[in-house]
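Peer 1: My structure is below; once you've seen it, I'll send some questions.
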Amino acid sequence: MPEWKKVYWEDVAEGQDIGSYEMQMDAVKISCGAWATRDSNPIHHDKAFAERGSQKNIIVNIMHSEGLLCRLATDWGGPTAELKRIRFNIQGSCYADDTLVVSGKVTKKYIGQEDNYMKGLHLVDLQVDSTASGNAFCDAQITLALPSKKAHS
Amino acid sequence: MALSEKDRGLIGRESAPIYAPDEVCRPMIRHWVEAVEDANPLYTDEEYARSSKYGGIIAPPQMMMVWCMPRMWPWPEFPWVPMAELELPGDYDTFVATDMIHEYYLPVRPGDVLSYTMRLDKVSEEKKTRIGKGHFITTTQTYRNQRGEVVGKEIRVVLKYKSST
């Protein structure tokens, strides 16, 4: 079994870079993402349709985009990092043949205080941004629960 | 123009459950993993997942909405949904999602059958925005598993507006 990353809450600092990844988008990847998320809107698989709507090509859909941003969070934290909350915003589009770049940093480190499902957990807030061939695409504020060295688990 | 009495009466109302067409399953998880290139072993590596706190494979939390996407054929019948009943004064022709929050409470596992309800939380008075005049509509989608446990929530704001073009 490969060794998986395990980032502990104690080892994280606010402002810390969580790295980045690049993905070459093409029609196969975009339509595969649309299909895997059961999104049949032709804007995600039919270039002629996209052009009639004055887009230059097919575009990555929302559920695929959300997956791509959350992936950076768990790539960085490892499989013991738990996705708790995501706030997602779209600024632009990612077209077939764009290069997608996803990058992020830690904006806040804290123990859940609010009386909700995250109370008492060791949390970090991440700002994750993405660009498509250099243009703003979408971003997210992601809250991740990390294992603590002090906890029993 | 102010909201009609009918529209104000829809605020706070919730739909009946809308069911996922299929149970959560490994093949659909793997198709999603291929599209995202997500190597998280909790999603596909049985051996690792068994040794984790979950004791087995879990679905990517971000797939919550995916399970409940409607089948394409035969097109399903949907229950009454308050948002579809809004009459909104003005000739708005376009929707755009402006904000989306997902909260994940419980793991979703192969074999689970999800459903969601849609509640209309808020409808703003007409606002002038960068892209045109319209109303911001806030809804909450609550996702449950077959035991009725709430596994997550989606809070979504859309702008229904008249595009200026």
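Residues are referred to by chain and number: the chain letter is A, B, ... according to the order shown in the structure tokens, the number counts from 1 in that chain, and ligands are numbered separately from 1 in the order shown.
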Enumerate as a short mmCIF file (atom, residue, chain, number, x, y, z; two decimals) with C-alpha atoms, in the first residue's frame the residues belonging to chain B that approach chain A to within 9 Å, with only C-alpha atoms taken into account.

Peer 2:
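Output (out-v1.cif):
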```
data_model
loop_
_atom_site.label_atom_id
_atom_site.label_comp_id
_atom_site.auth_asym_id
_atom_site.auth_seq_id
_atom_site.Cartn_x
_atom_site.Cartn_y
_atom_site.Cartn_z
CA MET B 28 -20.19 6.21 -10.81
CA ILE B 29 -17.62 7.18 -8.19
CA ARG B 30 -14.86 5.91 -10.48
CA HIS B 31 -16.21 7.85 -13.49
CA TRP B 32 -16.14 11.02 -11.39
CA VAL B 33 -12.63 10.25 -10.11
CA GLU B 34 -11.40 9.86 -13.71
CA ALA B 35 -12.79 13.27 -14.69
CA VAL B 36 -11.27 15.02 -11.67
CA GLU B 37 -8.10 12.86 -11.51
CA ASP B 38 -8.60 12.64 -7.76
CA ALA B 39 -6.28 10.02 -6.21
CA ASN B 40 -7.92 10.08 -2.75
CA PRO B 41 -7.84 6.37 -1.76
CA LEU B 42 -11.06 6.71 0.28
CA GLU B 47 -7.89 -1.82 1.29
CA TYR B 48 -7.05 1.71 2.39
CA SER B 52 -9.71 4.24 7.61
CA LYS B 53 -12.15 5.61 10.19
CA PRO B 60 -16.50 12.10 -2.76
CA PRO B 61 -18.59 14.55 -0.67
CA GLN B 62 -18.61 16.89 -3.69
CA MET B 63 -20.71 14.31 -5.55
CA MET B 65 -25.65 16.81 -6.10
CA VAL B 66 -24.54 14.34 -8.78
CA TRP B 67 -26.47 11.41 -7.25
CA MET B 69 -29.40 14.54 -11.08
CA PRO B 70 -32.56 13.50 -12.94
CA ARG B 71 -32.48 10.61 -15.39
CA MET B 72 -32.64 11.66 -19.05
CA ALA B 97 -26.04 31.25 -9.99
CA THR B 98 -24.25 33.87 -7.90
CA ASP B 99 -23.34 31.93 -4.78
CA MET B 100 -23.24 28.28 -3.79
CA ILE B 101 -22.45 26.80 -0.37
CA HIS B 102 -22.18 23.09 0.30
CA GLU B 103 -22.01 21.66 3.80
CA TYR B 104 -21.12 18.01 4.34
CA TYR B 105 -22.32 16.35 7.57
#
```

Peer 1: Would you return as a PyMOL selection string the members of chain B that DSSP assigns to helix (DSSP H, G or I) on this structure's backbone?

Peer 2: chain B and resi 5-10+26-36+41-44+46-51+61-67+82-85

Peer 1: Would you put the residues from that selection into a file with N, CA and C atoms, as a tab-separated table (two decimals), in the first residue's frame?

Peer 2:
```
chain	number	residue	atom	x	y	z
B	5	GLU	N	-48.42	38.93	-3.42
B	5	GLU	CA	-48.77	38.20	-2.21
B	5	GLU	C	-48.49	36.70	-2.39
B	6	LYS	N	-48.76	36.20	-3.60
B	6	LYS	CA	-48.51	34.78	-3.88
B	6	LYS	C	-47.02	34.46	-3.69
B	7	ASP	N	-46.15	35.32	-4.25
B	7	ASP	CA	-44.72	35.07	-4.14
B	7	ASP	C	-44.26	35.12	-2.68
B	8	ARG	N	-44.78	36.11	-1.94
B	8	ARG	CA	-44.38	36.20	-0.52
B	8	ARG	C	-44.82	34.96	0.25
B	9	GLY	N	-45.97	34.41	-0.14
B	9	GLY	CA	-46.50	33.21	0.52
B	9	GLY	C	-45.68	31.96	0.25
B	10	LEU	N	-44.86	31.97	-0.80
B	10	LEU	CA	-44.04	30.80	-1.13
B	10	LEU	C	-42.77	30.72	-0.30
B	26	ARG	N	-19.98	2.28	-6.81
B	26	ARG	CA	-18.57	2.41	-7.15
B	26	ARG	C	-18.33	2.83	-8.60
B	27	PRO	N	-19.04	2.26	-9.59
B	27	PRO	CA	-18.75	2.69	-10.98
B	27	PRO	C	-18.94	4.20	-11.19
B	28	MET	N	-20.00	4.76	-10.62
B	28	MET	CA	-20.19	6.21	-10.81
B	28	MET	C	-19.14	7.02	-10.06
B	29	ILE	N	-18.71	6.50	-8.92
B	29	ILE	CA	-17.62	7.18	-8.19
B	29	ILE	C	-16.36	7.17	-9.07
B	30	ARG	N	-16.08	6.00	-9.66
B	30	ARG	CA	-14.86	5.91	-10.48
B	30	ARG	C	-14.93	6.83	-11.71
B	31	HIS	N	-16.09	6.94	-12.34
B	31	HIS	CA	-16.21	7.85	-13.49
B	31	HIS	C	-15.90	9.28	-13.07
B	32	TRP	N	-16.38	9.67	-11.91
B	32	TRP	CA	-16.14	11.02	-11.39
B	32	TRP	C	-14.64	11.21	-11.10
B	33	VAL	N	-14.05	10.20	-10.46
B	33	VAL	CA	-12.63	10.25	-10.11
B	33	VAL	C	-11.76	10.40	-11.37
B	34	GLU	N	-12.15	9.74	-12.45
B	34	GLU	CA	-11.40	9.86	-13.71
B	34	GLU	C	-11.45	11.30	-14.24
B	35	ALA	N	-12.63	11.92	-14.15
B	35	ALA	CA	-12.79	13.27	-14.69
B	35	ALA	C	-12.00	14.28	-13.88
B	36	VAL	N	-11.93	14.07	-12.56
B	36	VAL	CA	-11.27	15.02	-11.67
B	36	VAL	C	-9.79	14.65	-11.45
B	41	PRO	N	-7.58	7.82	-1.82
B	41	PRO	CA	-7.84	6.37	-1.76
B	41	PRO	C	-9.16	6.03	-1.07
B	42	LEU	N	-9.75	6.98	-0.36
B	42	LEU	CA	-11.06	6.71	0.28
B	42	LEU	C	-12.13	6.44	-0.76
B	43	TYR	N	-11.93	6.93	-1.98
B	43	TYR	CA	-12.95	6.83	-3.01
B	43	TYR	C	-12.83	5.54	-3.84
B	44	THR	N	-11.62	4.99	-3.94
B	44	THR	CA	-11.44	3.85	-4.86
B	44	THR	C	-10.58	2.70	-4.32
B	46	GLU	N	-10.13	-0.03	-1.84
B	46	GLU	CA	-10.86	-0.80	-0.81
B	46	GLU	C	-10.00	-1.05	0.43
B	47	GLU	N	-8.75	-1.43	0.18
B	47	GLU	CA	-7.89	-1.82	1.29
B	47	GLU	C	-7.63	-0.63	2.20
B	48	TYR	N	-7.29	0.51	1.58
B	48	TYR	CA	-7.05	1.71	2.39
B	48	TYR	C	-8.34	2.12	3.11
B	49	ALA	N	-9.44	2.15	2.37
B	49	ALA	CA	-10.70	2.63	2.93
B	49	ALA	C	-11.13	1.77	4.12
B	50	ARG	N	-10.89	0.45	4.03
B	50	ARG	CA	-11.25	-0.44	5.14
B	50	ARG	C	-10.47	-0.10	6.41
B	51	SER	N	-9.23	0.33	6.22
B	51	SER	CA	-8.39	0.64	7.39
B	51	SER	C	-8.64	2.06	7.91
B	61	PRO	N	-17.48	13.71	-1.17
B	61	PRO	CA	-18.59	14.55	-0.67
B	61	PRO	C	-19.12	15.49	-1.76
B	62	GLN	N	-18.21	15.95	-2.63
B	62	GLN	CA	-18.61	16.89	-3.69
B	62	GLN	C	-19.56	16.27	-4.69
B	63	MET	N	-19.78	14.94	-4.62
B	63	MET	CA	-20.71	14.31	-5.55
B	63	MET	C	-22.16	14.37	-5.07
B	64	MET	N	-22.39	14.99	-3.91
B	64	MET	CA	-23.75	15.02	-3.32
B	64	MET	C	-24.84	15.34	-4.34
B	65	MET	N	-24.64	16.41	-5.11
B	65	MET	CA	-25.65	16.81	-6.10
B	65	MET	C	-25.76	15.80	-7.24
B	66	VAL	N	-24.60	15.21	-7.59
B	66	VAL	CA	-24.54	14.34	-8.78
B	66	VAL	C	-25.53	13.18	-8.65
B	67	TRP	N	-25.61	12.59	-7.44
B	67	TRP	CA	-26.47	11.41	-7.25
B	67	TRP	C	-27.92	11.73	-7.55
B	82	PRO	N	-41.40	25.04	-4.76
B	82	PRO	CA	-41.86	26.43	-4.61
B	82	PRO	C	-41.22	27.40	-5.60
B	83	MET	N	-39.94	27.15	-5.92
B	83	MET	CA	-39.24	28.09	-6.79
B	83	MET	C	-39.88	28.18	-8.17
B	84	ALA	N	-40.42	27.04	-8.63
B	84	ALA	CA	-41.02	27.00	-9.96
B	84	ALA	C	-42.34	27.76	-10.00
B	85	GLU	N	-42.91	28.04	-8.82
B	85	GLU	CA	-44.21	28.72	-8.74
B	85	GLU	C	-44.09	30.24	-8.71
```

Peer 1: So, with only C-alpha atoms as the atoms that count, which of B:Ile57, B:Val108, B:Val113, B:Met118 lies closest to Asp22 (chain B)?

Peer 2: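 So, comparing all the options, the nearest one is B:Val113.
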
Peer 1: Please, what distance in Å, to one decimal, runs between CA of Ser133 (chain A) and CA of Lys108 (chain A)?

Peer 2: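 Straight-line distance from CA of Ser133 (chain A) to CA of Lys108 (chain A) works out to 28.7 Å.
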
Peer 1: What lies within 10 Å of Ala27 (chain A) using only C-alpha atoms, ignoring chain neighbours under 4 positions off, as a ChimeraX atom specification?

Peer 2: /A:31-33,44-47,57-60,95-97

Peer 1: I'd like to know which of A:Gly19, A:Pro147, A:Ala48, A:Asn41 is closest to Asp129 (chain A), using only C-alpha atoms.

Peer 2: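 When distances to Asp129 (chain A) are compared using only C-alpha atoms, the smallest one comes from A:Gly19.
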
Peer 1: Select from region 90-158 of chain B everything DSSP, run on the backbone, classes as strand (DSSP E or B), then give the selection as a count of residues only.

Peer 2: 45

Peer 1: Measure the distance from CA of Ile111 (chain A) to CA of Ile58 (chain B) in Å and round it to one decimal.

Peer 2: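 Taking CA of Ile111 (chain A) as the start and CA of Ile58 (chain B) as the end point, the length is 25.1 Å.
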
Peer 1: Go through B:Leu114, B:Ile131, B:Ala20, B:Val123 and flag the residue nearest Gly148 (chain B), using only C-alpha atoms for the distances.

Peer 2: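 Ranking B:Leu114, B:Ile131, B:Ala20, B:Val123 by distance to Gly148 (chain B), first place goes to B:Leu114.
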
Peer 1: Got a sec: who's within 8 Å of Pro79 (chain B), counting only C-alpha atoms, leaving out chain neighbours fewer than 4 positions off, as a PyMOL selection string?

Peer 2: chain B and resi 15-18

Peer 1: Would you list the contacts of Leu88 (chain B) as a VMD selection string, taking every protein, DNA or RNA residue within 9 Å and counting only C-alpha atoms, but skipping same-chain residues closer than 6 positions in sequence?

Peer 2: chain B and resid 2 to 4 7 135

Peer 1: Could you check how far CA of Cys94 (chain A) sits from CA of Lys153 (chain B), in Å to one decimal?

Peer 2: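 Calculated distance between CA of Cys94 (chain A) and CA of Lys153 (chain B) is 26.4 Å.
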
Peer 1: Here is a test: counting only C-alpha atoms, which residue of B:Lys133, B:Lys128, B:Lys162, B:Arg144 is nearest to Asp112 (chain B)?

Peer 2: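 Once distances to Asp112 (chain B) are computed over only C-alpha atoms, the minimum belongs to B:Arg144.
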